[in-house]
Structures are given as structure tokens and as C-alpha cells.
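Coordinates as given in start_36.pdb (PDB, C-alpha atoms):
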```pdb
MODEL        1
ATOM      1  CA  MET K  44      19.074   7.402  12.609
ATOM      2  CA  TRP K  45      17.928   5.182  15.476
ATOM      3  CA  THR K  46      15.508   7.865  16.665
ATOM      4  CA  ASP K  47      13.958   7.927  13.209
ATOM      5  CA  ALA K  48      13.776   4.141  13.251
ATOM      6  CA  LEU K  49      11.934   4.095  16.588
ATOM      7  CA  ILE K  50       9.522   6.823  15.503
ATOM      8  CA  GLY K  51       8.908   4.972  12.262
ATOM      9  CA  ALA K  52       8.316   1.636  14.000
ATOM     10  CA  ALA K  53       5.819   3.107  16.478
ATOM     11  CA  SER K  54       3.982   5.013  13.752
ATOM     12  CA  ALA K  55       3.847   1.971  11.488
ATOM     13  CA  PHE K  56       2.386  -0.128  14.300
ATOM     14  CA  VAL K  57      -0.478   2.317  14.837
ATOM     15  CA  ILE K  58      -1.118   2.737  11.107
ATOM     16  CA  ALA K  59      -1.152  -1.003  10.416
ATOM     17  CA  LEU K  60      -3.390  -1.587  13.436
ATOM     18  CA  VAL K  61      -6.065   0.553  11.782
ATOM     19  CA  THR K  62      -5.552  -0.247   8.095
ATOM     20  CA  THR K  63      -5.090  -4.025   7.891
ATOM     21  CA  PRO K  64      -8.673  -4.866   8.956
ATOM     22  CA  VAL K  65      -9.873  -3.314   5.687
ATOM     23  CA  GLY K  66      -7.206  -4.992   3.519
ATOM     24  CA  VAL K  67      -4.701  -2.128   3.354
ATOM     25  CA  SER K  68      -1.131  -2.696   4.539
ATOM     26  CA  GLY K  69      -0.706   0.910   5.653
ATOM     27  CA  ALA K  70       2.077   1.731   3.201
ATOM     28  CA  VAL K  71       0.003   4.426   1.522
ATOM     29  CA  PHE K  72       0.011   6.397   4.798
ATOM     30  CA  LEU K  73       3.713   5.802   5.486
ATOM     31  CA  VAL K  74       4.947   7.708   2.437
ATOM     32  CA  PRO K  75       3.869  11.071   3.938
ATOM     33  CA  LEU K  76       5.462  10.003   7.232
ATOM     34  CA  GLN K  77       8.745   9.220   5.514
ATOM     35  CA  VAL K  78       8.725  12.421   3.490
ATOM     36  CA  SER K  79       7.751  14.898   6.217
ATOM     37  CA  VAL K  80       8.932  13.288   9.482
ATOM     38  CA  LEU K  81      11.688  10.781   8.730
ATOM     39  CA  HIS K  82      13.033  12.763   5.745
ATOM     40  CA  THR K  83      13.856   9.699   3.678
ATOM     41  CA  PRO K  84      15.505  10.979   0.471
ATOM     42  CA  SER K  85      13.726  10.760  -2.870
ATOM     43  CA  PRO K  86      13.390   8.409  -4.697
ATOM     44  CA  SER K  87      14.634   6.022  -1.972
ATOM     45  CA  VAL K  88      11.340   6.578  -0.131
ATOM     46  CA  THR K  89       9.541   4.381  -2.672
ATOM     47  CA  PRO K  90      11.571   1.148  -2.321
ATOM     48  CA  THR K  91      11.784   1.741   1.446
ATOM     49  CA  ASN K  92       8.000   1.695   1.529
ATOM     50  CA  LEU K  93       7.930  -1.481  -0.557
ATOM     51  CA  LEU K  94      10.373  -3.040   1.912
ATOM     52  CA  TYR K  95       7.888  -2.186   4.658
ATOM     53  CA  ASN K  96       5.256  -4.218   2.809
ATOM     54  CA  VAL K  97       7.549  -7.225   2.483
ATOM     55  CA  ILE K  98       8.175  -7.328   6.234
ATOM     56  CA  ALA K  99       4.784  -6.144   7.516
ATOM     57  CA  THR K 100       2.163  -8.032   5.508
ATOM     58  CA  PRO K 101       3.064 -11.628   6.584
ATOM     59  CA  GLY K 102       1.744 -10.840  10.083
ATOM     60  CA  ALA K 103      -1.703 -10.063   8.702
ATOM     61  CA  LEU K 104      -1.576 -12.915   6.176
ATOM     62  CA  LEU K 105      -0.830 -15.340   8.989
ATOM     63  CA  ARG K 106      -4.265 -14.558  10.386
ATOM     64  CA  TYR K 107      -5.812 -15.717   7.118
ATOM     65  CA  ARG K 108      -3.966 -19.040   6.932
ATOM     66  CA  GLY K 109      -6.106 -21.972   5.966
ATOM     67  CA  ARG K 110      -8.345 -19.918   3.675
ATOM     68  CA  GLY K 111      -6.579 -20.931   0.463
ATOM     69  CA  ILE K 112      -5.574 -17.355  -0.374
ATOM     70  CA  LEU K 113      -3.183 -18.289  -3.190
ATOM     71  CA  ARG K 114      -5.802 -20.521  -4.803
ATOM     72  CA  SER K 115      -8.361 -17.732  -4.840
ATOM     73  CA  PRO K 116      -9.286 -16.532  -8.376
ATOM     74  CA  LEU K 117      -9.307 -12.979  -7.066
ATOM     75  CA  THR K 118      -5.741 -13.251  -5.737
ATOM     76  CA  LYS K 119      -4.485 -14.792  -8.993
ATOM     77  CA  ALA K 120      -6.100 -12.061 -11.097
ATOM     78  CA  LEU K 121      -4.549  -9.349  -8.942
ATOM     79  CA  LEU K 122      -1.057 -10.858  -9.119
ATOM     80  CA  VAL K 123      -1.195 -11.247 -12.910
ATOM     81  CA  GLY K 124      -1.652  -7.484 -13.185
ATOM     82  CA  THR K 125       0.255  -5.946 -10.297
ATOM     83  CA  ILE K 126       3.586  -7.771 -10.679
ATOM     84  CA  PRO K 127       4.450  -6.537 -14.203
ATOM     85  CA  GLY K 128       2.882  -3.181 -13.340
ATOM     86  CA  VAL K 129       5.182  -2.532 -10.384
ATOM     87  CA  ILE K 130       8.251  -3.116 -12.587
ATOM     88  CA  VAL K 131       7.031  -0.523 -15.089
ATOM     89  CA  GLY K 132       6.173   1.903 -12.304
ATOM     90  CA  SER K 133       9.623   1.559 -10.743
ATOM     91  CA  VAL K 134      11.302   2.554 -13.990
ATOM     92  CA  ILE K 135       8.971   5.552 -14.394
ATOM     93  CA  ARG K 136       9.747   6.666 -10.836
ATOM     94  CA  ILE K 137      13.502   6.699 -11.450
ATOM     95  CA  GLU K 138      13.533   8.095 -14.964
ATOM     96  CA  VAL K 139      10.654  10.606 -14.851
ATOM     97  CA  LEU K 140       9.451  11.332 -11.301
ATOM     98  CA  SER K 141      12.637  11.288  -9.216
ATOM     99  CA  GLY K 142      12.267  14.872  -7.923
ATOM    100  CA  PRO K 143      10.380  15.635  -4.692
ATOM    101  CA  GLN K 144       8.089  18.254  -6.241
ATOM    102  CA  ALA K 145       6.666  15.846  -8.781
ATOM    103  CA  PHE K 146       6.364  13.194  -6.090
ATOM    104  CA  TYR K 147       4.202  15.510  -3.957
ATOM    105  CA  LEU K 148       1.736  15.580  -6.838
ATOM    106  CA  VAL K 149       1.855  11.780  -7.020
ATOM    107  CA  ILE K 150       1.083  11.551  -3.286
ATOM    108  CA  ALA K 151      -1.931  13.839  -3.686
ATOM    109  CA  ALA K 152      -3.126  12.063  -6.837
ATOM    110  CA  VAL K 153      -3.005   8.668  -5.113
ATOM    111  CA  MET K 154      -4.442   9.611  -1.733
ATOM    112  CA  LEU K 155      -7.328  11.858  -2.774
ATOM    113  CA  PRO K 156      -9.342   9.252  -4.738
ATOM    114  CA  ILE K 157      -8.538   6.545  -2.187
ATOM    115  CA  GLY K 158      -9.695   8.761   0.654
ATOM    116  CA  THR K 159     -12.844   9.845  -1.169
ATOM    117  CA  TRP K 160     -13.777   6.265  -1.965
ATOM    118  CA  LEU K 161     -13.183   5.052   1.582
ATOM    119  CA  ALA K 162     -15.031   7.935   3.221
ATOM    120  CA  LEU K 163     -17.925   8.370   0.804
ATOM    121  CA  GLY K 164     -18.020   5.210  -1.299
ATOM    122  CA  PRO K 165     -20.912   2.719  -1.373
ATOM    123  CA  ARG K 166     -21.318   0.122   1.318
ATOM    124  CA  PRO K 167     -20.005  -3.342   0.387
ATOM    125  CA  ALA K 168     -22.505  -5.848  -0.919
ATOM    126  CA  VAL K 169     -23.329  -9.180   0.653
ATOM    127  CA  GLU K 170     -20.303 -11.414   1.181
ATOM    128  CA  GLY K 171     -19.838 -14.098  -1.457
ATOM    129  CA  ARG K 172     -20.447 -12.040  -4.575
ATOM    130  CA  ARG K 173     -18.565 -13.559  -7.502
ATOM    131  CA  PRO K 174     -15.805 -11.541  -9.198
ATOM    132  CA  PRO K 175     -16.881  -9.805 -12.418
ATOM    133  CA  GLY K 176     -14.164 -11.717 -14.295
ATOM    134  CA  GLY K 177     -10.448 -12.398 -14.143
ATOM    135  CA  ARG K 178      -9.379 -10.343 -17.156
ATOM    136  CA  PRO K 179     -11.025  -7.038 -16.159
ATOM    137  CA  ILE K 180      -9.592  -7.338 -12.659
ATOM    138  CA  ALA K 181      -6.123  -8.199 -14.003
ATOM    139  CA  GLY K 182      -6.253  -5.214 -16.372
ATOM    140  CA  ALA K 183      -7.164  -2.848 -13.567
ATOM    141  CA  ALA K 184      -4.496  -4.447 -11.356
ATOM    142  CA  LEU K 185      -1.868  -3.731 -14.034
ATOM    143  CA  LEU K 186      -2.586  -0.001 -13.808
ATOM    144  CA  VAL K 187      -2.604  -0.205 -10.025
ATOM    145  CA  GLY K 188       0.751  -1.983 -10.103
ATOM    146  CA  VAL K 189       2.256   0.881 -12.109
ATOM    147  CA  VAL K 190       0.994   3.376  -9.529
ATOM    148  CA  GLY K 191       2.307   1.125  -6.775
ATOM    149  CA  GLY K 192       5.764   1.044  -8.323
ATOM    150  CA  ILE K 193       5.820   4.836  -8.517
ATOM    151  CA  TYR K 194       4.381   5.558  -5.083
ATOM    152  CA  GLY K 195       5.830   2.655  -3.106
ATOM    153  CA  ILE K 196       2.775   0.557  -2.372
ATOM    154  CA  GLY K 197       1.985  -2.989  -3.385
ATOM    155  CA  GLY K 198      -1.367  -1.826  -4.714
ATOM    156  CA  GLY K 199      -3.592  -3.155  -1.955
ATOM    157  CA  SER K 200      -4.465   0.334  -0.730
ATOM    158  CA  ILE K 201      -5.951   1.108  -4.151
ATOM    159  CA  LEU K 202      -7.331  -2.334  -4.955
ATOM    160  CA  ALA K 203      -9.058  -2.814  -1.606
ATOM    161  CA  PRO K 204     -11.334   0.252  -1.782
ATOM    162  CA  ALA K 205     -11.920  -0.296  -5.507
ATOM    163  CA  LEU K 206     -13.028  -3.902  -5.044
ATOM    164  CA  VAL K 207     -15.130  -3.008  -2.017
ATOM    165  CA  GLY K 208     -16.741  -0.286  -4.102
ATOM    166  CA  LEU K 209     -17.595  -2.877  -6.771
ATOM    167  CA  GLY K 210     -19.555  -4.800  -4.177
ATOM    168  CA  PHE K 211     -17.117  -7.290  -2.663
ATOM    169  CA  SER K 212     -17.100  -7.566   1.105
ATOM    170  CA  VAL K 213     -14.034  -6.593   3.121
ATOM    171  CA  ALA K 214     -13.757 -10.231   4.243
ATOM    172  CA  GLU K 215     -13.229 -11.293   0.605
ATOM    173  CA  VAL K 216     -10.989  -8.425  -0.410
ATOM    174  CA  ALA K 217      -8.643  -8.142   2.583
ATOM    175  CA  PRO K 218      -6.672 -11.416   2.219
ATOM    176  CA  ALA K 219      -6.447 -11.183  -1.582
ATOM    177  CA  ALA K 220      -5.299  -7.548  -1.496
ATOM    178  CA  LEU K 221      -2.731  -8.238   1.218
ATOM    179  CA  ALA K 222      -1.344 -11.264  -0.665
ATOM    180  CA  SER K 223      -1.056  -9.159  -3.812
ATOM    181  CA  THR K 224       0.687  -6.416  -1.845
ATOM    182  CA  PHE K 225       3.209  -8.869  -0.380
ATOM    183  CA  PHE K 226       4.349 -10.539  -3.615
ATOM    184  CA  THR K 227       4.234  -7.357  -5.671
ATOM    185  CA  SER K 228       6.376  -5.527  -3.108
ATOM    186  CA  ILE K 229       9.037  -8.248  -3.236
ATOM    187  CA  VAL K 230       9.296  -7.742  -6.988
ATOM    188  CA  GLY K 231       9.361  -3.961  -6.507
ATOM    189  CA  VAL K 232      12.212  -4.035  -3.970
ATOM    190  CA  LEU K 233      14.257  -6.304  -6.239
ATOM    191  CA  THR K 234      13.595  -4.018  -9.209
ATOM    192  CA  TYR K 235      14.822  -0.924  -7.366
ATOM    193  CA  ALA K 236      17.859  -2.792  -6.043
ATOM    194  CA  ILE K 237      18.811  -3.793  -9.588
ATOM    195  CA  ILE K 238      18.236  -0.276 -10.936
ATOM    196  CA  SER K 239      20.405   1.184  -8.153
ATOM    197  CA  LEU K 240      23.383  -0.785  -9.484
ATOM    198  CA  ARG K 241      23.285   1.278 -12.683
ATOM    199  CA  HIS K 242      22.347   4.687 -11.248
ATOM    200  CA  SER K 243      23.877   7.038  -8.695
ATOM    201  CA  GLY K 244      21.931   8.714  -5.922
ATOM    202  CA  SER K 245      19.417   7.507  -3.335
ATOM    203  CA  ILE K 246      17.615   4.749  -5.215
ATOM    204  CA  ALA K 247      18.077   1.648  -3.064
ATOM    205  CA  PRO K 248      15.898   1.270   0.039
ATOM    206  CA  ASP K 249      16.876   2.885   3.323
ATOM    207  CA  TRP K 250      17.328  -0.479   5.001
ATOM    208  CA  THR K 251      17.334   0.779   8.605
ATOM    209  CA  VAL K 252      14.100   2.742   8.252
ATOM    210  CA  GLY K 253      12.499   0.090   6.048
ATOM    211  CA  ILE K 254      13.190  -2.731   8.478
ATOM    212  CA  ALA K 255      12.074  -0.638  11.479
ATOM    213  CA  ILE K 256       8.740   0.389   9.978
ATOM    214  CA  GLY K 257       8.334  -3.132   8.634
ATOM    215  CA  ILE K 258       8.629  -4.644  12.122
ATOM    216  CA  GLY K 259       6.169  -2.077  13.474
ATOM    217  CA  GLY K 260       3.755  -2.860  10.664
ATOM    218  CA  LEU K 261       4.214  -6.615  11.160
ATOM    219  CA  LEU K 262       3.107  -6.382  14.800
ATOM    220  CA  GLY K 263       0.371  -3.858  14.081
ATOM    221  CA  GLY K 264      -0.984  -5.884  11.179
ATOM    222  CA  TYR K 265      -1.126  -9.083  13.196
ATOM    223  CA  VAL K 266      -2.971  -7.394  16.064
ATOM    224  CA  GLY K 267      -5.191  -5.328  13.771
ATOM    225  CA  THR K 268      -6.355  -8.296  11.733
ATOM    226  CA  GLY K 269      -7.418 -10.022  14.936
ATOM    227  CA  LEU K 270      -9.549  -6.991  15.791
ATOM    228  CA  ARG K 271     -11.387  -7.008  12.453
ATOM    229  CA  ASP K 272     -14.586  -8.527  13.817
ATOM    230  CA  ARG K 273     -14.654  -6.268  16.867
ATOM    231  CA  VAL K 274     -14.535  -2.859  15.178
ATOM    232  CA  PRO K 275     -17.353  -1.501  12.959
ATOM    233  CA  GLU K 276     -16.231  -1.669   9.334
ATOM    234  CA  ALA K 277     -17.954   1.588   8.393
ATOM    235  CA  ALA K 278     -16.096   3.505  11.094
ATOM    236  CA  LEU K 279     -12.731   2.193   9.902
ATOM    237  CA  ARG K 280     -13.493   3.046   6.272
ATOM    238  CA  ARG K 281     -14.576   6.599   7.021
ATOM    239  CA  THR K 282     -11.671   7.313   9.370
ATOM    240  CA  LEU K 283      -9.099   6.115   6.853
ATOM    241  CA  GLY K 284     -10.819   8.032   4.083
ATOM    242  CA  ILE K 285     -10.834  11.336   5.947
ATOM    243  CA  VAL K 286      -7.155  10.991   6.914
ATOM    244  CA  ALA K 287      -6.198  10.202   3.312
ATOM    245  CA  MET K 288      -8.126  13.201   1.977
ATOM    246  CA  LEU K 289      -6.466  15.562   4.460
ATOM    247  CA  LEU K 290      -3.017  14.265   3.513
ATOM    248  CA  ALA K 291      -3.839  14.675  -0.177
ATOM    249  CA  VAL K 292      -4.768  18.340   0.339
ATOM    250  CA  ARG K 293      -1.584  18.886   2.352
ATOM    251  CA  TYR K 294       0.741  17.539  -0.346
ATOM    252  CA  LEU K 295      -1.139  19.164  -3.193
ATOM    253  CA  THR K 296      -0.578  22.472  -1.425
ATOM    254  CA  LEU K 297       3.132  21.713  -1.029
ATOM    255  CA  ALA K 298       3.468  20.796  -4.693
ATOM    256  CA  LEU K 299       1.760  23.964  -5.887
ATOM    257  CA  THR K 300       3.640  26.313  -3.567
TER     258      THR K 300
ENDMDL
END
```
Full structure transcribed into C-alpha cells:
Amino acid sequence: MWTDALIGAASAFVIALVTTPVGVSGAVFLVPLQVSVLHTPSPSVTPTNLLYNVIATPGALLRYRGRGILRSPLTKALLVGTIPGVIVGSVIRIEVLSGPQAFYLVIAAVMLPIGTWLALGPRPAVEGRRPPGGRPIAGAALLVGVVGGIYGIGGGSILAPALVGLGFSVAEVAPAALASTFFTSIVGVLTYAIISLRHSGSIAPDWTVGIAIGIGGLLGGYVGTGLRDRVPEAALRRTLGIVAMLLAVRYLTLALT
């Protein structure tokens, strides 16, 4: 157990170091790690990943203090959609997609479009572009929240590339996406904890693994956010995209075989 915790913490540190500069907490890449390396049981892997977000994202958000993140219209629109969405997604995960085979398909379905968008998507537009409107963003965030509740992410890993693809700069998207991930993940962990009281099996988070990877992600996110201006944005986007696409192919193959 402690070996798994140490491996998870070290891996989470490296993942968060690379992902937080582009507004992604790293949780989307930790699900494959939990499934294939740490062997976290299903569906406990999902709330464990959400627990990672709760612990890890404050380190990155601390770097953005003083920017009025919670007063940002973009942050508010994201939270309006993702919070109810993650509750719906949590219920779907337990009632419909609790088996590992179906979850492999979910992993592939989430990671392939994210990876494609990051690796091949359009370059972000000039910083300062105004949001297209609160309601469209909130509607899209609702769907993302459902996916986040199923997969175990706060939604930032989907929202960040989507918003960047719409023309927002990474500097605008990163703090809003991370704030959305943090608050949505709190709601997700609480939802799974409540559901676990009425169901048997591995539904509640694996607290040891979740806390370990959360601490690793907390340190990695804090350091990674400080490196944002020193690393070429395009290189980060393409690297993350290629890794996500490879993981998607891997789990699609597992699901089909």
C-alpha cells in the first residue's frame, strides 16, 4: 500500500508539473496510472481521482492569487455548469458504468479528443478576448461536468483545451479551469461518499492513494505554474496531446480485446 502511495505521489508530481501550466490539473492522466499501475478498484478510482483534485489544485491556484479568479465571468459560468453535472455523472458511474470494461471505453473516449485538440488544435488567439457568453459556456460546462463525474476529473482537462481552441489564451483559461476543477471535485467527492453509504463495494475514495497523489500533485502544480512563462506553450500542448492520444489507443485496445 505504501509503495503504491509513493509511486503515485512521484508520478502525480511529474504529471502536475507538466499539465498545470496549460490549466489542466493532471487528473485526466492519473486515471490510467491508477488503473494499470496502482490497481485502484473500480469504481473507487473515480472518487480517488477527484480527491486528488481537491488536494492538488490549491497549489496552482495559490500562484494566481490576487487575480480575482472567483469574480471572473468565465469562472462563474464554468461553475454553474460543472457542479450539477458532476453529481449527475457520479450517479451514472455507479449505476451504469461500474465495470472496468466499460470504463476502459470511457477513458479512451475522454482522452482521444482531448489529445487530438491539444496536439493538433488551433493556436490560441490574442489574450483578452471576451467570452462568447455565459450561457453557452455554462451549457457546455454542464456536459463536461457529467463526463468529469464519470471519469474522475473536475472538468478542467476538457474545458481548458476547448476554451483555448475557441480562441482564449492559456493565461485566461488556466486559473478559471483550475478553480472550476477544485470546487467541482469537492462536490464530486462528497457525492461519492454519500452514495457509498447506500451501496456495497468499492465506491468511496481510496484515501491513502488519493491523499498521496494529491500531495504529489500539490507540489508539482505549485512548481509547474511558476514555470509557465519559461516553457514554450506550444511544446507543452503538443506533448500532452500526444501522450493523451497514445493512452486513448491503449485503453481502446484493452476494451475491445
When you look at K:Leu261 with a cut-off of 12 Å (counting only C-alpha atoms), what residues show up, excluding the ones that are within fewer than 6 positions of it in the same chain? I need them as a ChimeraX atom specification. /K:52-60,63,68-70,94-106,225,253-255,267-268
One decimal, in Å: what's the spacing between atom CA of K:Ala217 and atom CA of K:Ser115? 12.1 Å
Just checking: using only C-alpha atoms, which residue out of K:Gly158, K:Pro75, K:Pro179, K:Gly269 ends up closest to K:Ala203?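 Using only C-alpha atoms, K:Ala203 sits closest to K:Gly158.
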Tell me which residues the PyMOL selection byres ((chain K and resi 183-190) around 8) grabs here, as a list of chain:residue names.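 What the PyMOL selection byres ((chain K and resi 183-190) around 8) grabs from the file is K:Ala120, K:Leu121, K:Leu122, K:Val123, K:Gly124, K:Thr125, K:Ile126, K:Pro127, K:Gly128, K:Val129, K:Ile130, K:Val131, K:Gly132, K:Ser133, K:Val153, K:Pro179, K:Ile180, K:Ala181, K:Gly182, K:Gly191, K:Gly192, K:Ile193, K:Tyr194, K:Ile196, K:Gly197, K:Gly198, K:Ile201, K:Leu202, K:Thr227.
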One number please: atom CA of K:Thr83 to atom CA of K:Gly51, in Å, one decimal.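 Those two atoms sit 11.0 Å apart.
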Taking the file as I've supplied it (selection: the PyMOL selection byres ((chain K and resi 47) around 9)), which residues are included? Please answer as a short mmCIF file (atom, residue, chain, number, x, y, z; two decimals) with C-alpha atoms, keeping the file's coordinate frame.
```cif
data_model
loop_
_atom_site.label_atom_id
_atom_site.label_comp_id
_atom_site.auth_asym_id
_atom_site.auth_seq_id
_atom_site.Cartn_x
_atom_site.Cartn_y
_atom_site.Cartn_z
CA MET K 44 19.07 7.40 12.61
CA TRP K 45 17.93 5.18 15.48
CA THR K 46 15.51 7.86 16.66
CA ALA K 48 13.78 4.14 13.25
CA LEU K 49 11.93 4.10 16.59
CA ILE K 50 9.52 6.82 15.50
CA GLY K 51 8.91 4.97 12.26
CA ALA K 52 8.32 1.64 14.00
CA VAL K 80 8.93 13.29 9.48
CA LEU K 81 11.69 10.78 8.73
CA HIS K 82 13.03 12.76 5.74
CA VAL K 252 14.10 2.74 8.25
CA ALA K 255 12.07 -0.64 11.48
#
```
Might you pull out every residue within 9 Å of K:Ser87, with only C-alpha atoms counted and same-chain residues fewer than 5 positions away left off, and present them as a PDB file with C-alpha atoms, in the frame of the given file?
```pdb
ATOM      1  CA  ASN K  92       8.000   1.695   1.529  1.00  0.00           C
ATOM      2  CA  TYR K 235      14.822  -0.924  -7.366  1.00  0.00           C
ATOM      3  CA  GLY K 244      21.931   8.714  -5.922  1.00  0.00           C
ATOM      4  CA  SER K 245      19.417   7.507  -3.335  1.00  0.00           C
ATOM      5  CA  ILE K 246      17.615   4.749  -5.215  1.00  0.00           C
ATOM      6  CA  ALA K 247      18.077   1.648  -3.064  1.00  0.00           C
ATOM      7  CA  PRO K 248      15.898   1.270   0.039  1.00  0.00           C
ATOM      8  CA  ASP K 249      16.876   2.885   3.323  1.00  0.00           C
TER       9      ASP K 249
END
```
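Distance check against K:Val292 using all atoms listed in the file: of K:Ala152, K:Ile258, K:Ala220, K:Leu93, the minimum falls on K:Ala152.
When all atoms listed in the file are used to measure the gap to K:Tyr147, the shortest distance among K:Pro86, K:Thr159, K:Pro116, K:Ser228 belongs to K:Pro86.
Atom CA of K:Ala214 is positioned 19.7 Å from atom CA of K:Phe226.
Minimum atom-to-atom distance to K:Met154, evaluated using only C-alpha atoms, belongs to K:Val74 out of K:Val74, K:Ser239, K:Thr62, K:Ile135.
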Per-axis box centre and lengths in Å around stretch 132-138 of chain K, 6 Å margin per side, axis-aligned, as AutoDock Vina command-line options:
```
--center_x 9.9 --center_y 4.8 --center_z -12.9 --size_x 19.4 --size_y 18.5 --size_z 16.2
```
For each of K:Thr91, K:Ser223, K:Ser243, K:Ser85, take the minimum atom-to-atom distance to K:Gln144, counting all atoms listed in the file, then give the residue where this is smallest.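 Checking each candidate against K:Gln144, we get K:Ser85 as the closest.
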Nearest residue to K:Met288 from the set K:Leu161, K:Ile112, K:Leu148, K:Pro64 (distances using only C-alpha atoms):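 Among the listed residues, the smallest separation from K:Met288 belongs to K:Leu161.
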